[in-house]
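What follows is my_file_37.cif (mmCIF, C-alpha atoms).
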data_coords
loop_
_atom_site.label_atom_id
_atom_site.label_comp_id
_atom_site.auth_asym_id
_atom_site.auth_seq_id
_atom_site.Cartn_x
_atom_site.Cartn_y
_atom_site.Cartn_z
CA MET A 34 -44.09 43.09 13.34
CA ALA A 35 -45.50 39.99 11.64
CA ARG A 36 -47.05 37.37 13.87
CA SER A 37 -44.97 34.17 14.25
CA THR A 38 -47.26 31.41 13.06
CA PRO A 39 -45.62 27.98 13.13
CA LEU A 40 -43.45 27.08 10.16
CA PRO A 41 -43.87 23.69 8.43
CA ASP A 42 -41.86 20.93 10.11
CA THR A 43 -39.53 20.72 7.11
CA LEU A 44 -38.49 24.36 7.63
CA ASN A 45 -38.71 24.75 11.40
CA GLN A 46 -35.34 25.58 13.01
CA LEU A 47 -33.52 25.04 9.72
CA PRO A 48 -32.05 27.46 7.18
CA PHE A 49 -34.14 27.51 4.01
CA THR A 50 -34.47 29.28 0.68
CA VAL A 51 -37.32 31.44 -0.47
CA TYR A 52 -38.05 28.78 -3.10
CA GLU A 53 -38.50 26.16 -0.36
CA SER A 54 -40.76 28.45 1.66
CA ARG A 55 -42.97 29.13 -1.35
CA ALA A 56 -43.23 25.41 -2.08
CA GLN A 57 -44.47 24.93 1.50
CA GLY A 58 -47.02 27.75 1.20
CA VAL A 59 -45.22 30.16 3.57
CA SER A 60 -46.25 33.76 2.97
CA ALA A 61 -43.86 36.63 2.39
CA LYS A 62 -45.27 38.25 5.54
CA ARG A 63 -44.29 35.23 7.65
CA LEU A 64 -40.69 35.56 6.45
CA ARG A 65 -40.51 38.97 8.17
CA ALA A 66 -41.27 37.51 11.62
CA LYS A 67 -38.73 38.06 14.41
CA ASP A 68 -37.77 34.37 14.73
CA LEU A 69 -36.13 34.49 11.28
CA ALA A 70 -33.01 36.30 10.12
CA ASP A 71 -31.97 37.36 6.63
CA GLY A 72 -29.24 34.95 5.50
CA GLY A 73 -28.39 36.84 2.34
CA ARG A 74 -29.84 36.57 -1.13
CA LEU A 75 -32.84 34.16 -1.15
CA ILE A 76 -31.95 32.60 2.25
CA TYR A 77 -33.64 32.74 5.67
CA LEU A 78 -32.09 31.50 8.92
CA PRO A 79 -33.44 30.56 12.36
CA ARG A 80 -32.51 33.57 14.49
CA GLY A 81 -30.06 33.06 17.33
CA ARG A 82 -28.81 29.59 16.43
CA GLU A 83 -25.30 28.75 15.23
CA LEU A 84 -25.55 26.70 12.05
CA GLU A 85 -23.57 23.57 11.43
CA LEU A 86 -21.44 23.32 8.31
CA TRP A 87 -23.75 20.83 6.57
CA GLU A 88 -26.74 23.16 7.13
CA ARG A 89 -24.93 26.14 5.62
CA ALA A 90 -23.67 24.02 2.73
CA ARG A 91 -27.13 22.63 1.97
CA VAL A 92 -28.96 25.95 1.94
CA LEU A 93 -26.24 27.79 0.01
CA ALA A 94 -26.24 25.10 -2.68
CA ALA A 95 -30.05 25.15 -2.79
CA ALA A 96 -30.03 28.93 -3.26
CA THR A 97 -27.49 28.73 -6.10
CA PRO A 98 -28.88 26.90 -9.13
CA GLY A 99 -26.23 24.90 -10.96
CA ALA A 100 -23.81 24.84 -7.99
CA TRP A 101 -22.56 21.97 -5.87
CA VAL A 102 -20.50 21.68 -2.68
CA SER A 103 -16.84 21.01 -3.44
CA HIS A 104 -13.19 21.27 -2.38
CA GLN A 105 -12.58 21.72 1.38
CA THR A 106 -16.27 21.63 2.27
CA ALA A 107 -16.87 18.38 0.40
CA ALA A 108 -13.89 16.81 2.16
CA GLU A 109 -15.04 17.96 5.59
CA LEU A 110 -18.57 16.63 5.05
CA THR A 111 -17.32 13.18 4.01
CA PRO A 112 -15.00 10.66 5.69
CA LEU A 113 -12.06 12.18 3.79
CA GLY A 114 -11.73 14.97 6.34
CA LEU A 115 -9.41 17.98 6.35
CA PRO A 116 -6.02 18.73 7.92
CA PRO A 117 -6.57 20.47 11.28
CA TRP A 118 -4.75 23.58 10.09
CA MET A 119 -6.93 24.08 7.00
CA ASP A 120 -9.76 26.62 7.29
CA GLY A 121 -13.13 24.95 6.82
CA ASP A 122 -15.37 27.89 7.78
CA THR A 123 -16.20 29.15 4.31
CA VAL A 124 -18.44 27.00 2.10
CA HIS A 125 -16.87 26.02 -1.23
CA LEU A 126 -19.30 25.90 -4.16
CA SER A 127 -18.41 24.98 -7.73
CA LYS A 128 -20.12 25.63 -11.03
CA THR A 129 -19.21 24.48 -14.51
CA HIS A 130 -16.78 26.76 -16.32
CA GLU A 131 -19.56 28.01 -18.64
CA LEU A 132 -21.39 29.63 -15.68
CA PRO A 133 -20.38 32.66 -13.59
CA ARG A 134 -18.51 32.05 -10.35
CA VAL A 135 -20.61 32.04 -7.16
CA ARG A 136 -20.22 35.38 -5.38
CA ARG A 137 -21.78 35.63 -1.94
CA ASP A 138 -20.65 36.20 1.66
CA GLY A 139 -19.39 33.05 3.32
CA VAL A 140 -18.76 31.27 0.00
CA THR A 141 -15.60 30.54 -1.96
CA GLY A 142 -16.66 30.05 -5.55
CA HIS A 143 -14.98 27.90 -8.21
CA ARG A 144 -15.49 27.46 -11.94
CA VAL A 145 -14.40 24.01 -13.02
CA ARG A 146 -14.48 21.54 -15.85
CA ILE A 147 -16.55 18.56 -14.81
CA ILE A 148 -17.17 15.14 -16.33
CA PRO A 149 -20.36 13.11 -15.71
CA GLY A 150 -19.99 10.91 -12.66
CA GLU A 151 -17.81 13.32 -10.66
CA VAL A 152 -20.68 14.98 -8.77
CA GLY A 153 -23.33 13.18 -6.76
CA GLU A 154 -25.45 13.73 -3.67
CA ARG A 155 -24.82 13.23 0.02
CA ASP A 156 -27.67 13.62 2.52
CA GLY A 157 -29.60 15.62 -0.05
CA ILE A 158 -26.71 17.98 -0.83
CA PRO A 159 -25.21 18.10 -4.34
CA MET A 160 -21.52 17.43 -3.78
CA SER A 161 -18.30 16.44 -5.50
CA LEU A 162 -17.72 12.73 -5.11
CA PRO A 163 -14.63 11.75 -3.06
CA PRO A 164 -12.30 11.04 -6.03
CA ARG A 165 -13.02 14.45 -7.57
CA THR A 166 -12.66 16.14 -4.16
CA TRP A 167 -9.22 14.54 -3.83
CA LEU A 168 -8.19 15.85 -7.23
CA ASP A 169 -9.54 19.34 -6.49
CA LEU A 170 -7.57 19.51 -3.24
CA ALA A 171 -4.31 18.27 -4.73
CA ALA A 172 -3.52 21.87 -5.71
CA VAL A 173 -3.66 23.17 -2.12
CA LEU A 174 -2.55 20.23 0.04
CA PRO A 175 1.07 19.18 0.69
CA LEU A 176 2.07 15.99 -1.07
CA ASP A 177 1.94 13.84 2.07
CA TYR A 178 -1.66 14.88 2.67
CA VAL A 179 -2.58 14.14 -0.94
CA ILE A 180 -1.11 10.66 -0.45
CA ALA A 181 -2.91 10.19 2.87
CA MET A 182 -6.25 11.34 1.47
CA GLY A 183 -5.71 9.04 -1.50
CA ASP A 184 -5.09 6.13 0.88
CA GLN A 185 -8.50 6.85 2.41
CA LEU A 186 -10.07 6.66 -1.05
CA ILE A 187 -8.66 3.24 -1.91
CA ARG A 188 -8.72 1.51 1.49
CA VAL A 189 -11.03 -1.44 2.04
CA PRO A 190 -13.93 -0.21 4.19
CA ARG A 191 -15.10 -1.95 7.34
CA ALA A 192 -18.69 -2.85 6.50
CA ASN A 193 -19.82 -3.17 10.13
CA PHE A 194 -18.89 0.44 10.86
CA GLU A 195 -19.29 2.22 7.53
CA GLY A 196 -22.22 0.52 5.82
CA ARG A 197 -20.29 -0.04 2.58
CA THR A 198 -18.18 -2.83 1.19
CA THR A 199 -16.32 -1.20 -1.70
CA PRO A 200 -13.68 1.57 -1.65
CA HIS A 201 -14.48 5.09 -2.77
CA ALA A 202 -12.06 4.54 -5.65
CA TYR A 203 -9.48 2.20 -7.17
CA LYS A 204 -6.07 3.28 -8.40
CA ASP A 205 -6.96 2.56 -12.03
CA GLY A 206 -10.02 4.81 -11.75
CA LEU A 207 -7.95 7.61 -10.21
CA ARG A 208 -5.38 7.21 -12.97
CA LEU A 209 -8.18 7.70 -15.52
CA LEU A 210 -9.49 10.72 -13.59
CA ILE A 211 -6.06 12.34 -13.78
CA ARG A 212 -5.81 11.69 -17.52
CA GLN A 213 -9.22 13.30 -18.05
CA HIS A 214 -8.07 16.56 -16.42
CA PRO A 215 -4.54 17.14 -17.76
CA ASN A 216 -4.63 20.91 -17.24
CA MET A 217 -5.94 21.11 -13.69
CA LYS A 218 -3.82 22.73 -11.00
CA GLY A 219 -2.30 20.04 -8.82
CA VAL A 220 -2.69 17.24 -11.35
CA GLU A 221 1.04 16.48 -11.37
CA LYS A 222 1.04 16.28 -7.58
CA ALA A 223 -1.95 13.92 -7.73
CA ARG A 224 -0.10 11.74 -10.25
CA GLN A 225 2.95 11.65 -7.96
CA ALA A 226 0.76 10.83 -4.96
CA LEU A 227 -0.93 7.99 -6.81
CA ASP A 228 2.41 6.19 -7.13
CA GLU A 229 2.90 6.41 -3.34
CA MET A 230 -0.62 5.37 -2.29
CA ARG A 231 -1.19 1.96 -0.69
CA VAL A 232 -4.27 -0.04 0.28
CA GLY A 233 -4.39 -0.75 4.00
CA ALA A 234 -4.04 2.55 5.89
CA ASP A 235 -7.18 3.20 7.95
CA SER A 236 -6.24 6.74 9.01
CA TYR A 237 -4.08 9.70 8.05
CA PRO A 238 -1.56 9.05 10.86
CA GLU A 239 -1.03 5.49 9.64
CA THR A 240 -0.07 6.88 6.22
CA PHE A 241 2.19 9.51 7.78
CA LEU A 242 3.92 6.79 9.83
CA ARG A 243 4.52 4.69 6.71
CA LEU A 244 5.90 7.69 4.81
CA ALA A 245 8.15 8.65 7.72
CA MET A 246 9.56 5.12 7.79
CA LEU A 247 10.31 5.26 4.07
CA ASP A 248 11.91 8.71 4.46
CA ALA A 249 14.13 7.16 7.15
CA HIS A 250 15.30 4.57 4.58
CA LEU A 251 13.48 1.68 6.22
CA PRO A 252 12.00 -0.96 3.90
CA GLU A 253 8.42 -0.64 2.66
CA PRO A 254 6.28 -1.98 5.52
CA GLU A 255 3.45 -4.47 5.10
CA LEU A 256 0.04 -3.00 5.99
CA GLN A 257 -2.67 -4.73 8.01
CA LEU A 258 -0.14 -7.26 9.25
CA ARG A 259 -1.62 -10.45 10.74
CA VAL A 260 0.09 -12.53 13.42
CA ASP A 261 -0.95 -15.62 11.46
CA PRO A 262 -1.39 -14.81 7.75
CA SER A 263 -3.26 -18.08 7.16
CA ASP A 264 -5.97 -17.20 9.71
CA PRO A 265 -8.45 -14.50 8.60
CA TRP A 266 -9.46 -13.96 12.27
CA SER A 267 -5.88 -13.50 13.46
CA PRO A 268 -5.18 -10.17 15.25
CA THR A 269 -3.90 -7.45 12.93
CA ALA A 270 -1.45 -4.58 13.45
CA ASP A 271 -1.43 -1.46 11.30
CA LEU A 272 1.95 -2.09 9.70
CA GLY A 273 5.30 -3.77 10.17
CA TYR A 274 7.82 -6.33 8.92
CA ARG A 275 7.06 -10.04 9.06
CA ARG A 276 10.67 -10.88 8.19
CA PHE A 277 11.93 -9.05 11.28
CA ARG A 278 8.85 -9.81 13.42
CA ILE A 279 8.28 -6.12 14.06
CA ALA A 280 4.75 -4.67 14.29
CA LEU A 281 3.47 -1.14 14.86
CA GLN A 282 0.01 -0.01 15.90
CA TYR A 283 -1.20 3.61 15.82
CA ASP A 284 -3.73 4.24 18.59
CA GLY A 285 -5.98 7.18 17.76
CA ALA A 286 -8.77 8.78 19.78
CA HIS A 287 -11.25 5.98 19.09
CA HIS A 288 -8.98 3.57 20.97
CA LEU A 289 -10.02 5.19 24.26
CA SER A 290 -13.35 3.36 24.44
CA ARG A 291 -13.58 0.41 26.82
CA GLU A 292 -14.67 -2.00 24.08
CA GLN A 293 -11.85 -0.93 21.76
CA GLN A 294 -9.30 -1.16 24.55
CA SER A 295 -10.35 -4.76 25.21
CA ARG A 296 -9.82 -5.62 21.54
CA ASP A 297 -6.50 -3.76 21.57
CA ASN A 298 -5.30 -5.72 24.63
CA ARG A 299 -6.08 -9.04 22.93
CA ARG A 300 -4.21 -7.94 19.81
CA ASP A 301 -1.22 -6.66 21.80
CA GLU A 302 -0.96 -9.89 23.76
CA ALA A 303 -1.17 -11.99 20.58
CA PHE A 304 1.82 -10.24 18.99
CA ILE A 305 3.90 -10.19 22.16
CA SER A 306 3.13 -13.86 22.96
CA ALA A 307 4.20 -14.80 19.42
CA GLY A 308 7.58 -13.18 20.04
CA TRP A 309 7.14 -10.03 17.98
CA THR A 310 8.74 -6.69 18.81
CA TYR A 311 5.62 -4.59 19.18
CA PHE A 312 5.35 -0.78 19.19
CA LYS A 313 2.33 1.28 20.26
CA VAL A 314 2.34 4.67 18.51
CA ASN A 315 0.16 7.70 19.34
CA ALA A 316 -0.35 11.41 18.75
CA ASP A 317 2.80 12.34 20.68
CA ASP A 318 4.82 10.32 18.17
CA LEU A 319 2.99 11.98 15.30
CA GLU A 320 3.87 15.35 16.79
CA ASP A 321 7.61 14.63 16.61
CA GLY A 322 7.44 13.12 13.13
CA PHE A 323 7.76 9.57 14.53
CA GLN A 324 11.49 10.10 15.01
CA ARG A 325 11.75 8.27 18.36
CA VAL A 326 9.72 5.26 17.31
CA ILE A 327 11.65 5.02 14.03
CA SER A 328 14.93 4.92 15.97
CA ARG A 329 13.54 2.06 18.06
CA VAL A 330 12.35 0.21 14.95
CA LYS A 331 15.81 0.51 13.42
CA CYS A 332 17.38 -0.94 16.59
CA ALA A 333 14.89 -3.82 16.60
CA LYS A 334 15.59 -4.48 12.92
CA ARG A 335 19.35 -4.63 13.55
CA ARG A 336 18.86 -7.09 16.41
CA SER A 337 16.74 -9.44 14.28
CA SER A 338 18.86 -9.29 11.12
#

Written as structure tokens, how would this file's structure read?
Amino acid sequence: MARSTPLPDTLNQLPFTVYESRAQGVSAKRLRAKDLADGGRLIYLPRGRELELWERARVLAAATPGAWVSHQTAAELTPLGLPPWMDGDTVHLSKTHELPRVRRDGVTGHRVRIIPGEVGERDGIPMSLPPRTWLDLAAVLPLDYVIAMGDQLIRVPRANFEGRTTPHAYKDGLRLLIRQHPNMKGVEKARQALDEMRVGADSYPETFLRLAMLDAHLPEPELQLRVDPSDPWSPTADLGYRRFRIALQYDGAHHLSREQQSRDNRRDEAFISAGWTYFKVNADDLEDGFQRVISRVKCAKRRSS
């Protein structure tokens, strides 16, 4: 058995390709040491360690010239995210339609038509950019998820938390993207979703709540609703109706922190003190399709009409 001399820091405890090991001067003999496992064609893995998705995606793309991470994997590795019921275990790799499809264990390969500007890099991994990922997934996601993912593309980011000040996309840019790929699977669903997308939803559940309200024949709600619209520092609820003084706030998992709860309490008190009918919504409401909270909103709307 080959002796386990230390690997270079850039390869230690990480999956790597044979090309990367050669560039670092690692001998073929060292690759046969017992601390490494064969990861398939051209890939070596640290033995006995479960790899994270980004590690598998990076090394598989590096071992496949001309390929980039796409579809479900690209969504899971970006803030777009995936529905909880969608399998994210396999790594999705795309190549241009002129090249053969990627065929390897643990990979779902795609051959696609690509236009410059649709693929970039994230943390050193070649990857579909969020607008293209959205269009790729339109073929396999239900319409409400395509709308919700689209809302995440066009929402205004919070610079303090995300380190960016511009959205991933604008509706005009997505409209052009759709026109450039008229024959893609799911393009009609993407076009339909684009009409229903709105700026202002900060999470998937907020979009699902808005869509459920529309399905229940309630009016289109205003998003990011301020108590005082003339004050940029006024507390904001996720959505509601200024005319009826009704506001709704979806509290997700991040609202459990002490700091966030303090901010939430100040916001709640501001709406209630101003005489608004104020609803706190959570995952239990999401589970039942928001039916109970929608019934309460309808009652509040009737009282204020």

> Which of these, A:Ala226, A:Ile279, A:Leu40, A:Met182, has the shortest distance to Ser338 (chain A) once you count all atoms listed in the file?
Replying inline: A:Ile279

> What gap, in Å, lies between CA of Val92 (chain A) and CA of Ala56 (chain A)?
Replying inline: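 For CA of Val92 (chain A) relative to CA of Ala56 (chain A), the distance reads 14.8 Å.
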
>> Since I can't run it myself right now, could you work out what the PyMOL selection byres ((chain A and resi 121) around 9) selects here and report it as number ranges by chain?
In response: A: 86, 105-106, 109, 115, 119-120, 122-125

>> Evaluated on this file, the PyMOL selection byres ((chain A and resi 148) around 10) picks out some residues - which ones are they, written as a list of chain:residue names?
In response: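 Answer for the PyMOL selection byres ((chain A and resi 148) around 10): A:Thr129, A:Val145, A:Arg146, A:Ile147, A:Pro149, A:Gly150, A:Glu151, A:Val152, A:Arg165, A:Leu210, A:Gln213, A:His214.
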
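Those residues returned by the PyMOL selection byres ((chain A and resi 167) around 9) for this file are His104, Ala108, Leu113, Leu162, Pro163, Pro164, Arg165, Thr166, Leu168, Asp169, Leu170, Ala171, Val179, Met182, Gly183, Leu186 and Ala223 of chain A.
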
> Using all atoms listed in the file, which of A:Asp138, A:Glu131, A:Asp184, A:Glu53 sits nearest Pro112 (chain A)?
Replying inline: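 Ranked by minimum distance to Pro112 (chain A), first place goes to A:Asp184.
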
> Just how far from CA of Pro159 (chain A) is CA of Lys222 (chain A), in Å to one decimal?
Replying inline: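 We find that CA of Lys222 (chain A) and CA of Pro159 (chain A) lie 26.5 Å from each other.
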
>> Residues near Asp205 (chain A), anyone? I mean within 12 Å using all atoms listed in the file, not counting same-chain ones fewer than 3 positions away, as a list in words.
In response: Pro164, Ile187, Ala202, Arg208, Leu209, Leu210, Ile211, Arg212, Arg224, Leu227, Asp228 and Met230 of chain A

> What's the 12 Å shell around Ala245 (chain A), counting all atoms listed in the file, without same-chain residues fewer than 3 positions away, as a ChimeraX atom specification?
Replying inline: /A:177,238-242,248-254,318-319,321-328,330

> What does the distance between CA of Arg259 (chain A) and CA of Ser306 (chain A) come to in Å, to one decimal place?
Replying inline: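 Pair CA of Arg259 (chain A) / CA of Ser306 (chain A) returns 13.5 Å.
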
>> Which polymer residues, whether protein, DNA or RNA, lie within 12 Å of the coordinate (-40.7, 37.7, 10.5) when you count all atoms listed in the file? List them as a list in words, using the chain letters and numbers from the file.
In response: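 Those within range, by chain then number, are Met34, Ala35, Arg36, Ser37, Thr38, Pro39, Leu40, Val59, Ser60, Ala61, Lys62, Arg63, Leu64, Arg65, Ala66, Lys67, Asp68, Leu69, Ala70, Asp71, Tyr77, Leu78, Pro79 and Arg80 of chain A.
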
> Of the residues A:Gly153, A:Gly233, A:Gly72, A:Gly285, which is the one nearest to Ala96 (chain A), using only C-alpha atoms?
Replying inline: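 Closest residue, counting only C-alpha atoms: A:Gly72.
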
>> Calculated over all atoms listed in the file, which of the candidates A:Arg300, A:Met217, A:Pro48, A:Asp317 has the smallest distance to Trp266 (chain A)?
In response: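 Among the listed residues, A:Arg300 lies closest to Trp266 (chain A).
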